[in-house]
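*Asks:* data.pdb is the file, holding PDB, C-alpha atoms and all ligand atoms:
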```pdb
ATOM      1  CA  MET A   1       0.000   0.000   0.000
ATOM      2  CA  PRO A   2       1.160   3.557  -0.613
ATOM      3  CA  LEU A   3       2.312   5.453   2.453
ATOM      4  CA  ASP A   4       1.522   8.984   1.379
ATOM      5  CA  VAL A   5      -1.910  10.473   0.891
ATOM      6  CA  SER A   6      -0.896  11.738  -2.563
ATOM      7  CA  GLU A   7      -0.628   8.133  -3.795
ATOM      8  CA  LEU A   8      -3.798   6.864  -2.147
ATOM      9  CA  PRO A   9      -6.174   5.417  -4.775
ATOM     10  CA  LEU A  10      -9.551   7.143  -4.857
ATOM     11  CA  VAL A  11     -12.057   4.360  -5.400
ATOM     12  CA  GLY A  12     -14.973   5.310  -3.129
ATOM     13  CA  GLY A  13     -17.115   6.866  -5.855
ATOM     14  CA  HIS A  14     -17.780   9.880  -3.567
ATOM     15  CA  PRO A  15     -15.312  12.100  -1.656
ATOM     16  CA  VAL A  16     -16.619  11.060   1.755
ATOM     17  CA  LEU A  17     -16.259   7.346   1.011
ATOM     18  CA  ASP A  18     -12.701   8.150  -0.012
ATOM     19  CA  LEU A  19     -12.432  10.008   3.306
ATOM     20  CA  VAL A  20     -13.450   6.870   5.209
ATOM     21  CA  ASN A  21     -10.724   4.997   3.302
ATOM     22  CA  THR A  22      -7.969   7.333   4.508
ATOM     23  CA  LEU A  23      -7.754   5.238   7.676
ATOM     24  CA  GLU A  24      -6.640   1.695   7.077
ATOM     25  CA  ARG A  25      -8.539  -0.495   9.450
ATOM     26  CA  GLY A  26      -8.451  -4.271   9.469
ATOM     27  CA  GLY A  27      -5.319  -6.359   9.313
ATOM     28  CA  SER A  28      -3.117  -7.194  12.237
ATOM     29  CA  SER A  29      -0.854  -4.158  12.059
ATOM     30  CA  PRO A  30      -1.897  -0.899  13.792
ATOM     31  CA  PRO A  31      -4.133   1.229  11.545
ATOM     32  CA  HIS A  32      -2.305   3.628   9.259
ATOM     33  CA  ASP A  33      -3.847   7.092   9.088
ATOM     34  CA  PHE A  34      -3.155   8.771   5.757
ATOM     35  CA  LEU A  35      -4.449  12.017   7.292
ATOM     36  CA  SER A  36      -1.436  12.055   9.583
ATOM     37  CA  ASP A  37      -1.446  15.836  10.048
ATOM     38  CA  SER A  38      -3.247  18.945   8.818
ATOM     39  CA  SER A  39      -0.916  19.271   5.845
ATOM     40  CA  ALA A  40      -1.794  15.747   4.667
ATOM     41  CA  LEU A  41      -5.475  16.617   5.117
ATOM     42  CA  LEU A  42      -5.046  19.736   2.983
ATOM     43  CA  ARG A  43      -3.288  17.830   0.200
ATOM     44  CA  TRP A  44      -5.967  15.131   0.236
ATOM     45  CA  SER A  45      -8.742  17.764   0.179
ATOM     46  CA  GLY A  46      -7.162  19.385  -2.861
ATOM     47  CA  ARG A  47      -6.917  16.010  -4.609
ATOM     48  CA  VAL A  48     -10.566  15.075  -4.109
ATOM     49  CA  GLY A  49     -11.765  18.556  -5.033
ATOM     50  CA  VAL A  50     -13.080  19.626  -1.631
ATOM     51  CA  LEU A  51     -11.464  23.035  -2.151
ATOM     52  CA  SER A  52     -10.200  25.100  -5.081
ATOM     53  CA  ASP A  53      -6.540  26.084  -5.613
ATOM     54  CA  ALA A  54      -7.229  29.575  -4.262
ATOM     55  CA  GLU A  55      -8.990  28.136  -1.212
ATOM     56  CA  PHE A  56      -6.105  25.701  -0.720
ATOM     57  CA  ARG A  57      -3.677  28.628  -0.443
ATOM     58  CA  GLN A  58      -6.046  30.529   1.832
ATOM     59  CA  VAL A  59      -6.579  27.618   4.249
ATOM     60  CA  SER A  60      -2.845  26.785   4.171
ATOM     61  CA  ARG A  61      -2.060  30.331   5.304
ATOM     62  CA  VAL A  62      -4.628  30.337   8.110
ATOM     63  CA  TRP A  63      -3.641  26.884   9.357
ATOM     64  CA  ARG A  64       0.083  27.715   9.217
ATOM     65  CA  ASP A  65      -0.436  30.884  11.270
ATOM     66  CA  GLU A  66      -2.674  29.146  13.795
ATOM     67  CA  PRO A  67      -1.592  25.552  14.480
ATOM     68  CA  ALA A  68      -4.338  25.079  17.095
ATOM     69  CA  VAL A  69      -6.975  25.922  14.497
ATOM     70  CA  ALA A  70      -5.382  23.481  12.055
ATOM     71  CA  HIS A  71      -5.430  20.807  14.724
ATOM     72  CA  ALA A  72      -9.121  21.473  15.449
ATOM     73  CA  GLY A  73      -9.891  21.202  11.734
ATOM     74  CA  LEU A  74      -8.122  17.865  11.474
ATOM     75  CA  ALA A  75      -9.865  16.573  14.608
ATOM     76  CA  ALA A  76     -13.261  17.592  13.190
ATOM     77  CA  VAL A  77     -12.546  15.759   9.925
ATOM     78  CA  ARG A  78     -11.424  12.627  11.773
ATOM     79  CA  ASP A  79     -14.689  12.806  13.744
ATOM     80  CA  ILE A  80     -16.747  13.015  10.564
ATOM     81  CA  ARG A  81     -14.738  10.135   9.101
ATOM     82  CA  GLU A  82     -15.321   7.916  12.122
ATOM     83  CA  GLY A  83     -19.026   8.727  12.302
ATOM     84  CA  LEU A  84     -19.510   7.990   8.622
ATOM     85  CA  HIS A  85     -17.652   4.717   8.890
ATOM     86  CA  VAL A  86     -19.956   3.570  11.689
ATOM     87  CA  VAL A  87     -23.087   4.672   9.800
ATOM     88  CA  LEU A  88     -22.062   3.112   6.486
ATOM     89  CA  LEU A  89     -21.058  -0.177   8.122
ATOM     90  CA  ALA A  90     -24.544  -0.447   9.624
ATOM     91  CA  LEU A  91     -25.925  -0.256   6.067
ATOM     92  CA  ILE A  92     -23.749  -3.048   4.706
ATOM     93  CA  THR A  93     -24.727  -6.691   4.848
ATOM     94  CA  ASP A  94     -21.868  -9.151   5.015
ATOM     95  CA  ALA A  95     -21.657 -12.367   3.012
ATOM     96  CA  ASP A  96     -23.456 -14.303   5.780
ATOM     97  CA  GLY A  97     -26.376 -11.842   5.707
ATOM     98  CA  ASP A  98     -25.593 -10.077   9.004
ATOM     99  CA  PRO A  99     -25.182  -6.300   9.192
ATOM    100  CA  ALA A 100     -21.487  -5.369   9.187
ATOM    101  CA  GLY A 101     -22.027  -2.628  11.762
ATOM    102  CA  ASP A 102     -23.903  -1.800  14.944
ATOM    103  CA  PRO A 103     -27.208   0.087  14.424
ATOM    104  CA  VAL A 104     -27.100   1.599  17.950
ATOM    105  CA  ALA A 105     -23.607   2.989  17.395
ATOM    106  CA  ALA A 106     -24.790   4.236  14.001
ATOM    107  CA  GLY A 107     -27.658   6.139  15.684
ATOM    108  CA  ALA A 108     -25.198   7.878  18.000
ATOM    109  CA  ALA A 109     -22.884   8.612  15.069
ATOM    110  CA  LEU A 110     -25.793  10.199  13.176
ATOM    111  CA  VAL A 111     -26.407  12.572  16.091
ATOM    112  CA  ALA A 112     -22.739  13.605  16.031
ATOM    113  CA  LEU A 113     -22.742  13.980  12.241
ATOM    114  CA  HIS A 114     -25.836  16.149  12.441
ATOM    115  CA  GLU A 115     -24.089  18.404  14.979
ATOM    116  CA  ARG A 116     -21.108  18.768  12.633
ATOM    117  CA  TRP A 117     -23.398  19.529   9.729
ATOM    118  CA  SER A 118     -25.454  22.071  11.772
ATOM    119  CA  GLY A 119     -22.251  23.914  12.617
ATOM    120  CA  ALA A 120     -21.271  23.899   8.949
ATOM    121  CA  ALA A 121     -24.758  25.099   7.938
ATOM    122  CA  ALA A 122     -24.572  27.915  10.509
ATOM    123  CA  ARG A 123     -21.354  29.112   8.871
ATOM    124  CA  ALA A 124     -22.748  28.710   5.347
ATOM    125  CA  ARG A 125     -23.960  31.726   3.379
ATOM    126  CA  PHE A 126     -26.493  32.328   0.658
ATOM    127  CA  VAL A 127     -24.650  33.695  -2.351
ATOM    128  CA  LEU A 128     -25.817  35.070  -5.676
ATOM    129  CA  ASP A 129     -24.626  32.754  -8.397
ATOM    130  CA  TRP A 130     -25.625  34.164 -11.802
ATOM    131  CA  SER A 131     -29.381  33.929 -11.935
ATOM    132  CA  ARG A 132     -29.889  31.880  -8.787
ATOM    133  CA  VAL A 133     -29.046  31.762  -5.102
ATOM    134  CA  ARG A 134     -26.782  29.028  -3.802
ATOM    135  CA  LEU A 135     -25.969  27.892  -0.258
ATOM    136  CA  ALA A 136     -22.174  28.063   0.002
ATOM    137  CA  TYR A 137     -20.495  25.965   2.691
ATOM    138  CA  GLY A 138     -17.011  26.740   3.965
ATOM    139  CA  THR A 139     -17.078  30.529   4.140
ATOM    140  CA  VAL A 140     -14.819  30.552   7.228
ATOM    141  CA  PRO A 141     -11.313  29.536   6.054
ATOM    142  CA  ALA A 142     -10.305  27.952   9.390
ATOM    143  CA  MET A 143     -13.267  25.542   9.180
ATOM    144  CA  LEU A 144     -13.590  25.321   5.402
ATOM    145  CA  VAL A 145     -12.367  21.732   5.056
ATOM    146  CA  PRO A 146     -14.454  20.153   7.861
ATOM    147  CA  ASP A 147     -17.510  22.205   6.828
ATOM    148  CA  ARG A 148     -17.311  21.058   3.206
ATOM    149  CA  LEU A 149     -16.884  17.456   4.346
ATOM    150  CA  ALA A 150     -19.796  17.690   6.802
ATOM    151  CA  GLU A 151     -21.984  18.877   3.912
ATOM    152  CA  ALA A 152     -20.594  16.149   1.612
ATOM    153  CA  ALA A 153     -21.435  13.588   4.319
ATOM    154  CA  ARG A 154     -24.995  14.897   4.478
ATOM    155  CA  ASP A 155     -25.161  14.762   0.693
ATOM    156  CA  VAL A 156     -24.122  11.118   0.436
ATOM    157  CA  MET A 157     -26.345  10.000   3.330
ATOM    158  CA  VAL A 158     -29.428  11.798   2.048
ATOM    159  CA  THR A 159     -29.094  11.577  -1.727
ATOM    160  CA  ALA A 160     -27.009   8.486  -2.596
ATOM    161  CA  ASP A 161     -28.427   5.004  -3.090
ATOM    162  CA  LEU A 162     -27.049   3.529   0.117
ATOM    163  CA  THR A 163     -28.004  -0.017  -0.875
ATOM    164  CA  ARG A 164     -24.978   0.349  -3.174
ATOM    165  CA  VAL A 165     -22.459   0.851  -0.343
ATOM    166  CA  ARG A 166     -20.026  -2.076  -0.343
ATOM    167  CA  ARG A 167     -16.969  -3.137   1.614
ATOM    168  CA  CYS A 168     -13.991  -4.762  -0.098
ATOM    169  CA  PRO A 169     -14.420  -8.246   1.455
ATOM    170  CA  VAL A 170     -12.111  -8.522   4.468
ATOM    171  CA  GLY A 171     -13.080 -12.143   5.059
ATOM    172  CA  GLU A 172     -11.690 -13.030   1.656
ATOM    173  CA  GLY A 173      -8.510 -11.008   2.106
ATOM    174  CA  GLY A 174      -9.844  -7.713   0.756
ATOM    175  CA  CYS A 175      -8.754  -4.420   2.276
ATOM    176  CA  GLY A 176     -12.042  -3.373   3.899
ATOM    177  CA  TRP A 177     -12.300  -0.118   1.966
ATOM    178  CA  LEU A 178     -15.791   1.187   1.337
ATOM    179  CA  PHE A 179     -17.134   2.213  -2.045
ATOM    180  CA  LEU A 180     -20.372   3.018  -3.846
ATOM    181  CA  ASP A 181     -21.021   0.272  -6.357
ATOM    182  CA  GLN A 182     -21.939   2.101  -9.543
ATOM    183  CA  SER A 183     -21.812  -0.953 -11.785
ATOM    184  CA  ARG A 184     -24.994  -1.512 -13.770
ATOM    185  CA  ASN A 185     -25.916  -4.816 -12.103
ATOM    186  CA  GLY A 186     -24.516  -3.969  -8.654
ATOM    187  CA  SER A 187     -22.013  -6.820  -8.674
ATOM    188  CA  ARG A 188     -18.760  -4.992  -7.883
ATOM    189  CA  ARG A 189     -16.923  -6.862  -5.116
ATOM    190  CA  TRP A 190     -13.400  -5.471  -4.846
ATOM    191  CA  CYS A 191     -12.483  -1.863  -4.201
ATOM    192  CA  ARG A 192     -10.200  -1.894  -7.221
ATOM    193  CA  MET A 193     -11.818  -4.754  -9.125
ATOM    194  CA  ALA A 194      -9.199  -7.423  -9.756
ATOM    195  CA  ASP A 195      -6.345  -5.268  -8.427
ATOM    196  CA  CYS A 196      -7.134  -5.706  -4.740
ATOM    197  CA  GLY A 197      -7.804  -9.423  -5.187
ATOM    198  CA  ASN A 198      -4.519  -9.855  -7.032
ATOM    199  CA  ALA A 199      -2.598  -7.846  -4.441
ATOM    200  CA  VAL A 200      -4.078 -10.049  -1.714
ATOM    201  CA  LYS A 201      -2.965 -13.195  -3.518
ATOM    202  CA  ALA A 202       0.535 -11.811  -4.072
ATOM    203  CA  ARG A 203       0.844 -10.800  -0.420
ATOM    204  CA  ARG A 204      -0.258 -14.220   0.772
ATOM    205  CA  LEU A 205       2.289 -15.856  -1.523
ATOM    206  CA  THR A 206       5.077 -13.606  -0.203
ATOM    207  CA  GLU A 207       4.051 -14.340   3.380
ATOM    208  CA  ARG A 208       4.029 -18.068   2.719
ATOM    209  CA  ARG A 209       7.468 -17.877   1.109
ATOM    210  CA  ARG A 210       8.849 -15.777   3.950
ATOM    211  CA  ALA A 211       7.400 -18.189   6.498
ATOM    212  CA  GLY A 212       9.001 -21.058   4.598
ATOM    213  CA  ARG A 213      12.416 -19.390   4.546
ATOM    214  CA  SER A 214      12.641 -18.273   8.148
ATOM    215  CA  PRO A 215      10.674 -20.537  10.457
ATOM    216  CA  ARG A 216       9.955 -19.224  13.947
ATOM    217  CA  PRO A 217      12.414 -20.397  16.580
TER     218      PRO A 217
HETATM  219 ZN    ZN B 301      -9.765  -3.629  -1.536
END
```
Show the structure stored in the file as structure tokens.
Ligand SMILES: [Zn+2]
*Replies:*
Amino acid sequence: MPLDVSELPLVGGHPVLDLVNTLERGGSSPPHDFLSDSSALLRWSGRVGVLSDAEFRQVSRVWRDEPAVAHAGLAAVRDIREGLHVVLLALITDADGDPAGDPVAAGAALVALHERWSGAAARARFVLDWSRVRLAYGTVPAMLVPDRLAEAARDVMVTADLTRVRRCPVGEGGCGWLFLDQSRNGSRRWCRMADCGNAVKARRLTERRRAGRSPRP
């Protein structure tokens, strides 16, 4: 797997599913957080189109001048990420037909996500946009990134077809990443189609070889 957020594949089909995939869960090693600091979060946000180039420079300046504000922004995004993960897992059915997540935890996560979104909505502004009026989120640079992501989370939860949320099958060696299955017949199984499956096979082979070469004392 890549170690920098700039190399992270974007396979979620929506920015907030890609957000959930910035924390590698599953596996025996400790989870790797691609959003390791506020600078990684900014670079990721630019990549997925959460902010424009001009906004990127503006937020960079504010966060550089006020590290505490940058830290709060990162913490808010990690909160949104965790809440979404819990909610989306509760919507997924595993191969054996059981829900992958806990509905009670999902209810609590929805309350927290609504609080994040209310804060973002309170900072949003109506703006004239040619011949119409638009609700613009992220008008306060310090909170622009979490506010845009809180709104994107609301968008996916309220408008996406959540029966299409899938998890790359951990039980079969998949990575556990979430994605929106946009295939016509809804049969997508791996986050990166054959890639993840092939990577899993290659890793298993390497592990078997390594185990064969250096047996435990
Ligand atoms: Zn995968």
*Asks:* At a cut-off of 10 Å, using only C-alpha atoms, what residues contact stretch 98-107 of chain A? Leave out same-chain residues fewer than 5 positions from it and give the result as a CSV table (one decimal) with C-alpha atoms, in the coordinates of the input.
*Replies:*
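selection-v4.csv, freshly written:
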```csv
chain,number,residue,atom,x,y,z
A,83,GLY,CA,-19.0,8.7,12.3
A,84,LEU,CA,-19.5,8.0,8.6
A,85,HIS,CA,-17.7,4.7,8.9
A,86,VAL,CA,-20.0,3.6,11.7
A,87,VAL,CA,-23.1,4.7,9.8
A,88,LEU,CA,-22.1,3.1,6.5
A,89,LEU,CA,-21.1,-0.2,8.1
A,90,ALA,CA,-24.5,-0.4,9.6
A,91,LEU,CA,-25.9,-0.3,6.1
A,92,ILE,CA,-23.7,-3.0,4.7
A,93,THR,CA,-24.7,-6.7,4.8
A,112,ALA,CA,-22.7,13.6,16.0
A,113,LEU,CA,-22.7,14.0,12.2
A,167,ARG,CA,-17.0,-3.1,1.6
```
*Asks:* Evaluated on this file, the PyMOL selection byres (((chain A and resi 79) around 10) and not hetatm) picks out some residues - which ones are they, written as a ChimeraX atom specification?
*Replies:* /A:73-78,80-85,109,112-113,116,146,150
*Asks:* Produce a file of the selected residues containing C-alpha atoms, as a PDB file, in the coordinates of the input.
*Replies:*
```
ATOM      1  CA  GLY A  73      -9.891  21.202  11.734  1.00  0.00           C
ATOM      2  CA  LEU A  74      -8.122  17.865  11.474  1.00  0.00           C
ATOM      3  CA  ALA A  75      -9.865  16.573  14.608  1.00  0.00           C
ATOM      4  CA  ALA A  76     -13.261  17.592  13.190  1.00  0.00           C
ATOM      5  CA  VAL A  77     -12.546  15.759   9.925  1.00  0.00           C
ATOM      6  CA  ARG A  78     -11.424  12.627  11.773  1.00  0.00           C
ATOM      7  CA  ILE A  80     -16.747  13.015  10.564  1.00  0.00           C
ATOM      8  CA  ARG A  81     -14.738  10.135   9.101  1.00  0.00           C
ATOM      9  CA  GLU A  82     -15.321   7.916  12.122  1.00  0.00           C
ATOM     10  CA  GLY A  83     -19.026   8.727  12.302  1.00  0.00           C
ATOM     11  CA  LEU A  84     -19.510   7.990   8.622  1.00  0.00           C
ATOM     12  CA  HIS A  85     -17.652   4.717   8.890  1.00  0.00           C
ATOM     13  CA  ALA A 109     -22.884   8.612  15.069  1.00  0.00           C
ATOM     14  CA  ALA A 112     -22.739  13.605  16.031  1.00  0.00           C
ATOM     15  CA  LEU A 113     -22.742  13.980  12.241  1.00  0.00           C
ATOM     16  CA  ARG A 116     -21.108  18.768  12.633  1.00  0.00           C
ATOM     17  CA  PRO A 146     -14.454  20.153   7.861  1.00  0.00           C
ATOM     18  CA  ALA A 150     -19.796  17.690   6.802  1.00  0.00           C
TER      19      ALA A 150
END
```
*Asks:* Taking the file as I've supplied it (selection: the PyMOL selection byres (((not hetatm)) within 8 of (chain B and resi 301))), which residues are included? Please answer as a list in words.
*Replies:* Arg167, Cys168, Pro169, Gly174, Cys175, Gly176, Trp177, Trp190, Cys191, Arg192, Met193, Asp195, Cys196 and Gly197 of chain A
*Asks:* Residues within 6 Å of stretch 1-11 of chain A, please, as a ChimeraX atom specification. Count all atoms listed in the file; anything in the same chain fewer than 2 positions from it doesn't count.
*Replies:* /A:13,18,34
*Asks:* For the atom pair atom CA of A:Thr159 and atom CA of A:Gly12, what is the interatomic distance in Å to one decimal place?
*Replies:*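 One can read the atom CA of A:Thr159 to atom CA of A:Gly12 distance as 15.5 Å.
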*Asks:* Specify as a PyMOL selection string each residue included when the PyMOL selection byres (((chain A and resi 161) around 12) and not hetatm) is applied to this file.
*Replies:* chain A and resi 13-14+88+91+155-160+162-166+179-182+186
*Asks:* Quick one: everything within 8 Å of stretch 121-137 of chain A, counting all atoms listed in the file, minus sequence neighbours fewer than 5 positions away in the same chain. Send it as a tab-separated table (two decimals) with C-alpha atoms, in the coordinates of the input.
*Replies:*
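Final output, out-v7.tsv:
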```tsv
chain	number	residue	atom	x	y	z
A	144	LEU	CA	-13.59	25.32	5.40
A	147	ASP	CA	-17.51	22.20	6.83
A	148	ARG	CA	-17.31	21.06	3.21
A	151	GLU	CA	-21.98	18.88	3.91
```
*Asks:* To one decimal in Å, tell me the separation between atom CA of A:Glu115 and atom CA of A:Arg61.
*Replies:*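 Result for atom CA of A:Glu115 versus atom CA of A:Arg61: 26.9 Å, one decimal.
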*Asks:* So which one's closest to A:Val16, A:Ala120, A:Val50, A:Ala199, A:Ala142? Using all atoms listed in the file, please.
*Replies:*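 Smallest separation from A:Val16 among the options: A:Val50.
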*Asks:* Restricting the calculation to only C-alpha atoms: of A:Leu178, A:Val145, A:Val62, A:Ala54, which residue gets closest to A:Thr22?
*Replies:* A:Leu178
